[in-house]
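*Asks:* Please read through the structure below; I'll follow up with questions.
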Amino acid sequence: MIGVTVLGATGSIGVSTLDVLARHPDRFYAVALTANTDAERLAEQCRRHRPKYAVLVDPKAARRLESLLADLPGRPEILSGIAGLEQVSALPEVGYVMAAIVGAAGLRPTLAAARAGKRVLLANKESLVVAGALLMQAVADSGAELLPIDSEHNAIFQCLPPNFSVGLERVGVRRILLTASGGPFRDWPLERLSSVTPEQACAHPTWDMGRKISVDSATMMNKGLEVIEACWLFGTDPDHIQVVVHPQSVIHSLVQYEDGSVLAQLGNPDMRTPIAHAMGWPERIDSGVMPLDLFAVARLDFQAPDFARFPCLRLAFESARVGGTAPVVLNAANEIAVAAFLDRRIDFLDIAAVVEGTLEALPCESVEGQGLEFLLEVDRRAREQAEHLIEARLG
Ligand code: NAD
Ligand code: MG
């Protein structure tokens, strides 16, 4: 039996993870479930999955959880704060840690899981964008396993040979083809984009996801973050990654080889497939996902990405090429801008403007030999700068 910690249990990925976990009571059990503030949802999940620990980052919400679970026999030990997240990511009885917190907030517990040598099921792409070198080094030092949950990266992982870490060139890979749905505004007239509402941005045509990643998909910043994520996971650079817009989201990504072969992974757009793949790996286990019906899909379309329509994708490629602190700044500014858009403080098109302005305002520094505190300080400064730019736009 494998003990599992689910970081971000109440979110879209967390709920799908618990669904897969509950299908295999003979393989997995929940050791710890965590959330930010949602005590009600976490209480329900604790009643259903009976973890030994429950963590709410917010101490007030943790006290609320205590009272919600007061009558539960064998109730979990309730922890709070980031220290609580780090603690349940490194417990000896935990084998797998699902890293499904949204944003750079997931970095510390993900790093704790990697340092403790766990199998890290990585959904939280932002932690690789912010601290790729640190996280990959922690995995190498501790002997942890890092398995991608992001559907594209999971697909690429499945299309690569098992020894890909010797270098993509050495295993005959020419390039990675990273698919993107293009989001809900792929075909909208450009002049309509300034009036996009948070509701429209969150109504993704093929995937049902949390609000932040939904907005990122609409701006295609999500694909940009995924380019950076792929560089770290597969030891490559942005010039060996081609983004391919594929509206049906049936091909989850492809790998092109020197001999002309192209391998793809296909499936219905349901995150339980990559989750079950990474939890079962190297075995295959049931995910609850309907088998793909190619006759119902009928056709697969492909387009080149439009960098003028999606400036966030361009900014992410540029940041990936520059390296250093640029991806940290890109990510932090984007988190602030997306939150401001969801709060209706700025327009949809302002998101890219705030990110670009923040990148221009902060000098890019090397991250060579730098630790977590340095990265978090850059992240903090970028958030401050982005907030300042938003205030200036409003003012
Ligand atoms: P979500 O918003 O649905 O859930 C986020 C979870 O993180 C919740 O449990 C929330 O309580 C917790 N959380 C939020 N802020 C926190 C904080 N400051 N500290 C601690 N916990 C916090 O998000 P999601 O859609 O499940 O996405 C989670 C991660 O997975 C993101 O990094 C996203 O990019 C990635 N991802 C999601 C999908 C998807 O289909 N939803 C696909 C690929 C990758
Ligand atoms: Mg993805």
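Ordered as shown in the structure tokens, chains take letters A, B, and onward, while each chain numbers its residues from 1 and ligands are numbered from 1 in the order shown.
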Can you pull out every residue within 12 Å of Gln200 of chain A, counting only C-alpha atoms, but drop anything in the same chain fewer than 3 positions away, and send it as a VMD selection string?
*Replies:* chain A and resid 183 to 185 188 192 to 197 203 to 205 211 214 to 215 217 to 218 341 to 342 348
*Asks:* Include C-alpha atoms and write out the residues we just selected as a compact mmCIF listing (two decimals), in the first residue's frame.
*Replies:*
```txt
# COMPACT_ATOMS: atom_id res chain seq x y z
CA GLY A 183 -8.26 28.57 -25.49
CA PRO A 184 -11.70 30.11 -25.91
CA PHE A 185 -10.52 33.18 -27.89
CA TRP A 188 -12.25 35.87 -31.79
CA ARG A 192 -13.30 42.02 -28.98
CA LEU A 193 -10.54 40.75 -26.68
CA SER A 194 -10.44 43.91 -24.54
CA SER A 195 -14.02 43.29 -23.41
CA VAL A 196 -13.51 39.65 -22.36
CA THR A 197 -14.99 38.89 -18.91
CA ALA A 203 -15.17 28.78 -19.87
CA HIS A 204 -12.56 26.59 -21.53
CA PRO A 205 -13.77 24.75 -24.66
CA ARG A 211 -9.70 29.69 -12.57
CA SER A 214 -8.18 28.76 -17.27
CA VAL A 215 -7.19 32.40 -17.70
CA SER A 217 -5.05 29.07 -21.23
CA ALA A 218 -7.05 31.96 -22.64
CA PHE A 341 -8.25 40.45 -14.05
CA LEU A 342 -10.38 37.95 -12.09
CA PHE A 348 -7.93 40.89 -20.38
```
*Asks:* Output the neighbourhood of ligand 2 as a ChimeraX atom specification, that is, all protein and nucleic acid residues with some atom at most 9 Å from the ligand, counting only C-alpha atoms and all ligand atoms.
*Replies:* /A:123,125,149-154,179-180,213,217,222-223,226,252
*Asks:* Take the residues from that selection and write them out as a tab-separated table (two decimals), in the first residue's frame, keeping N, CA and C atoms.
*Replies:*
```
chain	number	residue	atom	x	y	z
A	123	ALA	N	1.82	18.58	-10.89
A	123	ALA	CA	0.85	19.37	-11.64
A	123	ALA	C	1.25	20.85	-11.57
A	125	LYS	N	3.05	23.41	-12.27
A	125	LYS	CA	4.11	23.79	-13.21
A	125	LYS	C	4.85	25.03	-12.76
A	149	ILE	N	2.33	15.55	-14.48
A	149	ILE	CA	0.87	15.41	-14.52
A	149	ILE	C	0.26	16.28	-15.61
A	150	ASP	N	0.90	17.42	-15.85
A	150	ASP	CA	0.42	18.29	-16.94
A	150	ASP	C	0.25	17.38	-18.17
A	151	SER	N	-0.93	17.44	-18.81
A	151	SER	CA	-1.26	16.41	-19.80
A	151	SER	C	-0.24	16.35	-20.94
A	152	GLU	N	0.26	17.53	-21.35
A	152	GLU	CA	1.23	17.56	-22.46
A	152	GLU	C	2.54	16.90	-22.07
A	153	HIS	N	2.99	17.21	-20.86
A	153	HIS	CA	4.29	16.68	-20.41
A	153	HIS	C	4.18	15.21	-20.08
A	154	ASN	N	3.02	14.82	-19.59
A	154	ASN	CA	2.77	13.41	-19.36
A	154	ASN	C	2.79	12.67	-20.70
A	179	THR	N	1.27	20.48	-27.84
A	179	THR	CA	-0.03	20.92	-28.35
A	179	THR	C	-0.71	21.88	-27.38
A	180	ALA	N	-1.56	22.72	-27.95
A	180	ALA	CA	-2.30	23.74	-27.20
A	180	ALA	C	-3.70	23.83	-27.79
A	213	ILE	N	-5.52	28.74	-14.07
A	213	ILE	CA	-5.00	28.07	-15.28
A	213	ILE	C	-5.96	28.28	-16.45
A	217	SER	N	-4.80	29.72	-19.95
A	217	SER	CA	-5.05	29.07	-21.23
A	217	SER	C	-5.60	30.07	-22.23
A	222	ASN	N	-0.36	29.88	-20.30
A	222	ASN	CA	-0.23	28.49	-19.85
A	222	ASN	C	0.74	27.73	-20.75
A	223	LYS	N	0.61	27.90	-22.06
A	223	LYS	CA	1.51	27.18	-22.98
A	223	LYS	C	2.94	27.68	-22.81
A	226	GLU	N	4.35	26.14	-19.91
A	226	GLU	CA	4.61	24.73	-20.22
A	226	GLU	C	5.87	24.54	-21.06
A	252	HIS	N	-2.29	14.90	-26.98
A	252	HIS	CA	-1.83	15.68	-25.82
A	252	HIS	C	-0.41	16.19	-25.96
```
*Asks:* What residues have any atom no more than 7 Å from ligand 1 when counting only C-alpha atoms and all ligand atoms, and can you list them as a PyMOL selection string?
*Replies:* chain A and resi 7-14+34-38+57+100-103+105-106+123-126+149-151+207-213+271
*Asks:* Store the residues picked out above in a file with N, CA and C atoms, as a compact mmCIF listing (two decimals), in the first residue's frame.
*Replies:*
```
# COMPACT_ATOMS: atom_id res chain seq x y z
N LEU A 7 -1.49 17.65 -2.13
CA LEU A 7 -1.38 19.09 -1.91
C LEU A 7 -2.36 19.78 -2.86
N GLY A 8 -3.26 20.58 -2.32
CA GLY A 8 -4.28 21.20 -3.18
C GLY A 8 -5.42 20.23 -3.45
N ALA A 9 -5.83 19.50 -2.41
CA ALA A 9 -6.83 18.43 -2.58
C ALA A 9 -8.19 18.96 -3.02
N THR A 10 -8.52 20.21 -2.65
CA THR A 10 -9.86 20.73 -2.95
C THR A 10 -9.96 21.31 -4.37
N GLY A 11 -8.85 21.36 -5.09
CA GLY A 11 -8.87 21.96 -6.43
C GLY A 11 -9.26 20.94 -7.49
N SER A 12 -9.23 21.40 -8.72
CA SER A 12 -9.63 20.58 -9.86
C SER A 12 -8.75 19.32 -9.96
N ILE A 13 -7.43 19.47 -9.90
CA ILE A 13 -6.52 18.31 -9.97
C ILE A 13 -6.64 17.46 -8.70
N GLY A 14 -6.77 18.13 -7.55
CA GLY A 14 -6.90 17.39 -6.29
C GLY A 14 -8.10 16.47 -6.30
N THR A 34 -4.52 18.61 1.73
CA THR A 34 -4.30 20.01 2.08
C THR A 34 -5.10 20.95 1.19
N ALA A 35 -5.38 22.13 1.74
CA ALA A 35 -6.03 23.20 0.97
C ALA A 35 -5.61 24.54 1.55
N ASN A 36 -6.00 25.60 0.88
CA ASN A 36 -5.64 26.94 1.34
C ASN A 36 -6.59 27.41 2.43
N THR A 37 -7.90 27.54 2.08
CA THR A 37 -8.87 28.10 3.03
C THR A 37 -10.19 27.35 3.09
N ASP A 38 -10.45 26.45 2.16
CA ASP A 38 -11.79 25.87 2.04
C ASP A 38 -12.02 24.72 3.03
N VAL A 57 -3.82 26.08 5.10
CA VAL A 57 -2.76 27.08 5.28
C VAL A 57 -3.25 28.17 6.22
N ALA A 100 -0.37 19.74 -6.37
CA ALA A 100 -1.46 20.35 -7.15
C ALA A 100 -1.95 21.66 -6.52
N ILE A 101 -1.02 22.36 -5.87
CA ILE A 101 -1.33 23.72 -5.43
C ILE A 101 -1.15 24.62 -6.65
N VAL A 102 -1.93 25.68 -6.76
CA VAL A 102 -1.78 26.57 -7.91
C VAL A 102 -0.79 27.69 -7.57
N GLY A 103 0.11 27.97 -8.51
CA GLY A 103 1.01 29.10 -8.38
C GLY A 103 2.29 28.79 -7.62
N ALA A 105 3.02 29.43 -4.81
CA ALA A 105 2.73 29.00 -3.43
C ALA A 105 3.01 27.51 -3.25
N GLY A 106 3.03 26.76 -4.35
CA GLY A 106 3.28 25.32 -4.25
C GLY A 106 4.76 24.96 -4.15
N ALA A 123 1.82 18.58 -10.89
CA ALA A 123 0.85 19.37 -11.64
C ALA A 123 1.25 20.85 -11.57
N ASN A 124 1.82 21.22 -10.43
CA ASN A 124 2.16 22.62 -10.14
C ASN A 124 3.34 23.10 -10.99
N LYS A 125 3.05 23.41 -12.27
CA LYS A 125 4.11 23.79 -13.21
C LYS A 125 4.85 25.03 -12.76
N GLU A 126 4.14 25.93 -12.03
CA GLU A 126 4.78 27.18 -11.62
C GLU A 126 6.02 26.93 -10.77
N ILE A 149 2.33 15.55 -14.48
CA ILE A 149 0.87 15.41 -14.52
C ILE A 149 0.26 16.28 -15.61
N ASP A 150 0.90 17.42 -15.85
CA ASP A 150 0.42 18.29 -16.94
C ASP A 150 0.25 17.38 -18.17
N SER A 151 -0.93 17.44 -18.81
CA SER A 151 -1.26 16.41 -19.80
C SER A 151 -0.24 16.35 -20.94
N TRP A 207 -11.25 21.72 -21.60
CA TRP A 207 -10.80 21.27 -20.28
C TRP A 207 -11.57 22.01 -19.18
N ASP A 208 -11.88 21.31 -18.10
CA ASP A 208 -12.53 21.91 -16.94
C ASP A 208 -11.47 22.07 -15.85
N MET A 209 -11.06 23.31 -15.57
CA MET A 209 -9.87 23.53 -14.72
C MET A 209 -10.12 24.66 -13.72
N GLY A 210 -9.17 24.85 -12.80
CA GLY A 210 -9.22 25.97 -11.87
C GLY A 210 -9.18 27.31 -12.62
N ARG A 211 -9.54 28.39 -11.90
CA ARG A 211 -9.70 29.69 -12.57
C ARG A 211 -8.38 30.27 -13.09
N LYS A 212 -7.30 30.11 -12.32
CA LYS A 212 -6.04 30.73 -12.74
C LYS A 212 -5.53 30.08 -14.03
N ILE A 213 -5.52 28.74 -14.07
CA ILE A 213 -5.00 28.07 -15.28
C ILE A 213 -5.96 28.28 -16.45
N MET A 271 -8.12 14.86 -16.96
CA MET A 271 -6.84 14.80 -16.25
C MET A 271 -6.65 13.50 -15.47
```
*Asks:* Using only C-alpha atoms, which of the listed residues (A:Met221, A:Ala62, A:Cys364, A:Leu263) sits closest to Gln158 of chain A?
*Replies:*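 Once distances to Gln158 of chain A are computed over only C-alpha atoms, the minimum belongs to A:Leu263.
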*Asks:* Based on DSSP run over this structure's backbone, return all residues of segment 34-256 of chain A in alpha helix (DSSP H), as a PyMOL selection string.
*Replies:* chain A and resi 39-49+59-68+81-89+107-115+125-142+151-159+198-202+211-219+221-234
*Asks:* Go ahead and write the selection's residues with C-alpha atoms as a CSV table (one decimal), in the first residue's frame.
*Replies:*
```csv
chain,number,residue,atom,x,y,z
A,39,ALA,CA,-12.6,24.1,5.3
A,40,GLU,CA,-16.0,22.9,4.2
A,41,ARG,CA,-14.7,21.0,1.2
A,42,LEU,CA,-11.7,19.6,3.0
A,43,ALA,CA,-14.0,18.4,5.8
A,44,GLU,CA,-16.1,16.5,3.3
A,45,GLN,CA,-13.0,15.0,1.7
A,46,CYS,CA,-11.7,14.0,5.2
A,47,ARG,CA,-14.9,12.1,5.9
A,48,ARG,CA,-14.7,10.3,2.6
A,49,HIS,CA,-10.9,9.5,2.4
A,59,PRO,CA,-5.1,29.1,10.7
A,60,LYS,CA,-8.6,30.4,11.0
A,61,ALA,CA,-9.8,27.9,8.5
A,62,ALA,CA,-7.9,25.2,10.3
A,63,ARG,CA,-9.8,26.0,13.5
A,64,ARG,CA,-13.1,25.8,11.5
A,65,LEU,CA,-12.0,22.4,10.2
A,66,GLU,CA,-11.4,21.3,13.8
A,67,SER,CA,-15.0,22.1,14.7
A,68,LEU,CA,-16.4,20.6,11.4
A,81,GLY,CA,0.6,27.2,7.7
A,82,ILE,CA,3.3,26.5,5.1
A,83,ALA,CA,5.2,24.5,7.7
A,84,GLY,CA,2.2,22.1,7.8
A,85,LEU,CA,2.3,21.7,4.0
A,86,GLU,CA,6.1,20.9,4.2
A,87,GLN,CA,5.6,18.5,7.0
A,88,VAL,CA,3.0,16.3,5.3
A,89,SER,CA,5.1,16.3,2.1
A,107,LEU,CA,7.1,25.7,-4.4
A,108,ARG,CA,8.1,25.0,-0.8
A,109,PRO,CA,6.0,21.9,-0.2
A,110,THR,CA,6.9,20.5,-3.7
A,111,LEU,CA,10.6,21.1,-2.9
A,112,ALA,CA,10.1,19.4,0.5
A,113,ALA,CA,8.7,16.3,-1.2
A,114,ALA,CA,11.6,16.2,-3.7
A,115,ARG,CA,14.2,16.6,-1.0
A,125,LYS,CA,4.1,23.8,-13.2
A,126,GLU,CA,4.8,27.2,-11.6
A,127,SER,CA,7.2,25.6,-9.2
A,128,LEU,CA,9.4,24.4,-12.1
A,129,VAL,CA,9.1,27.8,-13.8
A,130,VAL,CA,10.3,29.6,-10.6
A,131,ALA,CA,12.9,27.1,-9.3
A,132,GLY,CA,13.6,24.6,-12.1
A,133,ALA,CA,17.3,24.2,-11.3
A,134,LEU,CA,16.7,23.8,-7.6
A,135,LEU,CA,13.9,21.3,-8.0
A,136,MET,CA,15.7,19.2,-10.6
A,137,GLN,CA,18.8,19.2,-8.4
A,138,ALA,CA,16.8,18.2,-5.3
A,139,VAL,CA,15.3,15.3,-7.3
A,140,ALA,CA,18.7,14.2,-8.5
A,141,ASP,CA,20.3,14.4,-5.0
A,142,SER,CA,17.6,12.5,-3.1
A,151,SER,CA,-1.3,16.4,-19.8
A,152,GLU,CA,1.2,17.6,-22.5
A,153,HIS,CA,4.3,16.7,-20.4
A,154,ASN,CA,2.8,13.4,-19.4
A,155,ALA,CA,2.2,12.7,-23.1
A,156,ILE,CA,5.8,13.6,-23.9
A,157,PHE,CA,7.0,11.4,-21.1
A,158,GLN,CA,5.0,8.5,-22.6
A,159,CYS,CA,6.4,9.1,-26.1
A,198,PRO,CA,-13.6,36.5,-16.3
A,199,GLU,CA,-16.5,34.2,-16.9
A,200,GLN,CA,-15.8,34.0,-20.6
A,201,ALA,CA,-12.1,33.4,-20.0
A,202,CYS,CA,-12.8,30.6,-17.5
A,211,ARG,CA,-9.7,29.7,-12.6
A,212,LYS,CA,-6.0,30.7,-12.7
A,213,ILE,CA,-5.0,28.1,-15.3
A,214,SER,CA,-8.2,28.8,-17.3
A,215,VAL,CA,-7.2,32.4,-17.7
A,216,ASP,CA,-3.6,31.3,-18.5
A,217,SER,CA,-5.0,29.1,-21.2
A,218,ALA,CA,-7.0,32.0,-22.6
A,219,THR,CA,-3.9,34.2,-22.8
A,221,MET,CA,0.5,32.0,-20.9
A,222,ASN,CA,-0.2,28.5,-19.8
A,223,LYS,CA,1.5,27.2,-23.0
A,224,GLY,CA,4.4,29.5,-22.3
A,225,LEU,CA,4.8,28.2,-18.8
A,226,GLU,CA,4.6,24.7,-20.2
A,227,VAL,CA,7.5,25.5,-22.6
A,228,ILE,CA,9.6,26.4,-19.6
A,229,GLU,CA,8.3,23.3,-17.7
A,230,ALA,CA,9.3,21.1,-20.7
A,231,CYS,CA,12.8,22.5,-20.8
A,232,TRP,CA,13.4,21.5,-17.2
A,233,LEU,CA,11.6,18.1,-17.3
A,234,PHE,CA,13.2,16.9,-20.5
```
*Asks:* Tell me which protein, DNA and RNA residues are within 6 Å of segment 297-307 of chain A, counting only C-alpha atoms, leaving out same-chain ones fewer than 4 positions away, and put them as a ChimeraX atom specification.
*Replies:* /A:244-246,311,314
*Asks:* Take the residues just selected and output them with C-alpha atoms as a compact mmCIF listing (two decimals), in the first residue's frame.
*Replies:*
```
# COMPACT_ATOMS: atom_id res chain seq x y z
CA VAL A 244 1.10 23.36 -32.18
CA VAL A 245 -2.44 24.67 -31.81
CA HIS A 246 -4.81 21.69 -31.84
CA PRO A 311 1.72 38.18 -26.54
CA ARG A 314 5.89 35.39 -26.92
```
*Asks:* I need the residue nearest Ser253 of chain A from this list: A:Thr206, A:Ser181, A:Thr17, A:Ser165. Use only C-alpha atoms for the distance.
*Replies:* A:Ser181
*Asks:* What's around Arg381 of chain A at 9 Å? Count only C-alpha atoms, leave out sequence neighbours fewer than 6 positions away in its own chain, and write the answer as a PyMOL selection string.
*Replies:* chain A and resi 329+332+362
*Asks:* Write down as a PyMOL selection string the residues of segment 135-271 of chain A whose backbone DSSP state falls under strand (DSSP E or B).
*Replies:* chain A and resi 145-148+173-180+241-245+251-257+262-266
*Asks:* Selected residues, N, CA and C atoms, written as a PDB file, in the first residue's frame, please.
*Replies:*
```pdb
ATOM      1  N   GLU A 145      11.470  10.646  -7.591  1.00  0.00           N
ATOM      2  CA  GLU A 145      10.988  10.485  -8.972  1.00  0.00           C
ATOM      3  C   GLU A 145      10.103  11.688  -9.274  1.00  0.00           C
ATOM      4  N   LEU A 146      10.273  12.244 -10.463  1.00  0.00           N
ATOM      5  CA  LEU A 146       9.453  13.386 -10.854  1.00  0.00           C
ATOM      6  C   LEU A 146       8.627  12.972 -12.059  1.00  0.00           C
ATOM      7  N   LEU A 147       7.311  12.833 -11.863  1.00  0.00           N
ATOM      8  CA  LEU A 147       6.457  12.400 -12.967  1.00  0.00           C
ATOM      9  C   LEU A 147       5.486  13.516 -13.320  1.00  0.00           C
ATOM     10  N   PRO A 148       5.457  13.898 -14.600  1.00  0.00           N
ATOM     11  CA  PRO A 148       4.619  15.032 -14.989  1.00  0.00           C
ATOM     12  C   PRO A 148       3.132  14.674 -15.032  1.00  0.00           C
ATOM     13  N   VAL A 173      15.929  12.372 -30.566  1.00  0.00           N
ATOM     14  CA  VAL A 173      14.774  13.290 -30.649  1.00  0.00           C
ATOM     15  C   VAL A 173      15.173  14.529 -31.432  1.00  0.00           C
ATOM     16  N   ARG A 174      14.384  14.893 -32.423  1.00  0.00           N
ATOM     17  CA  ARG A 174      14.630  16.138 -33.157  1.00  0.00           C
ATOM     18  C   ARG A 174      13.969  17.310 -32.426  1.00  0.00           C
ATOM     19  N   ARG A 175      12.698  17.156 -32.106  1.00  0.00           N
ATOM     20  CA  ARG A 175      12.050  18.202 -31.302  1.00  0.00           C
ATOM     21  C   ARG A 175      10.754  17.701 -30.680  1.00  0.00           C
ATOM     22  N   ILE A 176      10.290  18.495 -29.738  1.00  0.00           N
ATOM     23  CA  ILE A 176       9.041  18.204 -29.041  1.00  0.00           C
ATOM     24  C   ILE A 176       7.945  19.060 -29.676  1.00  0.00           C
ATOM     25  N   LEU A 177       6.805  18.461 -29.936  1.00  0.00           N
ATOM     26  CA  LEU A 177       5.657  19.208 -30.453  1.00  0.00           C
ATOM     27  C   LEU A 177       4.634  19.296 -29.325  1.00  0.00           C
ATOM     28  N   LEU A 178       4.508  20.506 -28.776  1.00  0.00           N
ATOM     29  CA  LEU A 178       3.682  20.741 -27.586  1.00  0.00           C
ATOM     30  C   LEU A 178       2.322  21.252 -28.055  1.00  0.00           C
ATOM     31  N   THR A 179       1.273  20.478 -27.845  1.00  0.00           N
ATOM     32  CA  THR A 179      -0.031  20.917 -28.348  1.00  0.00           C
ATOM     33  C   THR A 179      -0.710  21.879 -27.382  1.00  0.00           C
ATOM     34  N   ALA A 180      -1.564  22.718 -27.953  1.00  0.00           N
ATOM     35  CA  ALA A 180      -2.296  23.745 -27.204  1.00  0.00           C
ATOM     36  C   ALA A 180      -3.698  23.830 -27.791  1.00  0.00           C
ATOM     37  N   ILE A 241      11.380  23.130 -29.075  1.00  0.00           N
ATOM     38  CA  ILE A 241       9.965  22.923 -28.756  1.00  0.00           C
ATOM     39  C   ILE A 241       9.114  23.734 -29.726  1.00  0.00           C
ATOM     40  N   GLN A 242       8.219  23.059 -30.405  1.00  0.00           N
ATOM     41  CA  GLN A 242       7.288  23.729 -31.324  1.00  0.00           C
ATOM     42  C   GLN A 242       5.893  23.664 -30.705  1.00  0.00           C
ATOM     43  N   VAL A 243       5.277  24.825 -30.514  1.00  0.00           N
ATOM     44  CA  VAL A 243       3.885  24.835 -30.049  1.00  0.00           C
ATOM     45  C   VAL A 243       2.969  24.629 -31.255  1.00  0.00           C
ATOM     46  N   VAL A 244       2.035  23.699 -31.108  1.00  0.00           N
ATOM     47  CA  VAL A 244       1.103  23.361 -32.183  1.00  0.00           C
ATOM     48  C   VAL A 244      -0.324  23.559 -31.654  1.00  0.00           C
ATOM     49  N   VAL A 245      -1.061  24.472 -32.253  1.00  0.00           N
ATOM     50  CA  VAL A 245      -2.445  24.669 -31.811  1.00  0.00           C
ATOM     51  C   VAL A 245      -3.295  23.533 -32.388  1.00  0.00           C
ATOM     52  N   ILE A 251      -4.925  14.931 -29.121  1.00  0.00           N
ATOM     53  CA  ILE A 251      -3.486  14.639 -29.061  1.00  0.00           C
ATOM     54  C   ILE A 251      -2.909  15.520 -27.963  1.00  0.00           C
ATOM     55  N   HIS A 252      -2.285  14.897 -26.975  1.00  0.00           N
ATOM     56  CA  HIS A 252      -1.834  15.685 -25.818  1.00  0.00           C
ATOM     57  C   HIS A 252      -0.415  16.194 -25.958  1.00  0.00           C
ATOM     58  N   SER A 253       0.309  15.732 -26.943  1.00  0.00           N
ATOM     59  CA  SER A 253       1.614  16.229 -27.405  1.00  0.00           C
ATOM     60  C   SER A 253       2.289  15.123 -28.204  1.00  0.00           C
ATOM     61  N   LEU A 254       3.427  15.496 -28.857  1.00  0.00           N
ATOM     62  CA  LEU A 254       4.109  14.552 -29.747  1.00  0.00           C
ATOM     63  C   LEU A 254       5.623  14.727 -29.635  1.00  0.00           C
ATOM     64  N   VAL A 255       6.335  13.678 -30.025  1.00  0.00           N
ATOM     65  CA  VAL A 255       7.796  13.748 -30.081  1.00  0.00           C
ATOM     66  C   VAL A 255       8.230  13.343 -31.485  1.00  0.00           C
ATOM     67  N   GLN A 256       9.045  14.234 -32.091  1.00  0.00           N
ATOM     68  CA  GLN A 256       9.517  13.994 -33.454  1.00  0.00           C
ATOM     69  C   GLN A 256      10.958  13.485 -33.391  1.00  0.00           C
ATOM     70  N   TYR A 257      11.221  12.365 -34.065  1.00  0.00           N
ATOM     71  CA  TYR A 257      12.541  11.730 -34.016  1.00  0.00           C
ATOM     72  C   TYR A 257      13.328  11.963 -35.305  1.00  0.00           C
ATOM     73  N   VAL A 262       7.099  10.214 -35.746  1.00  0.00           N
ATOM     74  CA  VAL A 262       6.490  11.123 -34.771  1.00  0.00           C
ATOM     75  C   VAL A 262       5.591  10.274 -33.884  1.00  0.00           C
ATOM     76  N   LEU A 263       5.874  10.275 -32.579  1.00  0.00           N
ATOM     77  CA  LEU A 263       5.036   9.529 -31.636  1.00  0.00           C
ATOM     78  C   LEU A 263       4.134  10.508 -30.899  1.00  0.00           C
ATOM     79  N   ALA A 264       2.867  10.104 -30.752  1.00  0.00           N
ATOM     80  CA  ALA A 264       1.901  10.963 -30.068  1.00  0.00           C
ATOM     81  C   ALA A 264       1.196  10.167 -28.988  1.00  0.00           C
ATOM     82  N   GLN A 265       0.666  10.861 -27.998  1.00  0.00           N
ATOM     83  CA  GLN A 265      -0.228  10.225 -27.027  1.00  0.00           C
ATOM     84  C   GLN A 265      -1.581  10.888 -27.187  1.00  0.00           C
ATOM     85  N   LEU A 266      -2.622  10.061 -27.304  1.00  0.00           N
ATOM     86  CA  LEU A 266      -3.986  10.565 -27.498  1.00  0.00           C
ATOM     87  C   LEU A 266      -4.875  10.096 -26.353  1.00  0.00           C
TER      88      LEU A 266
END
```
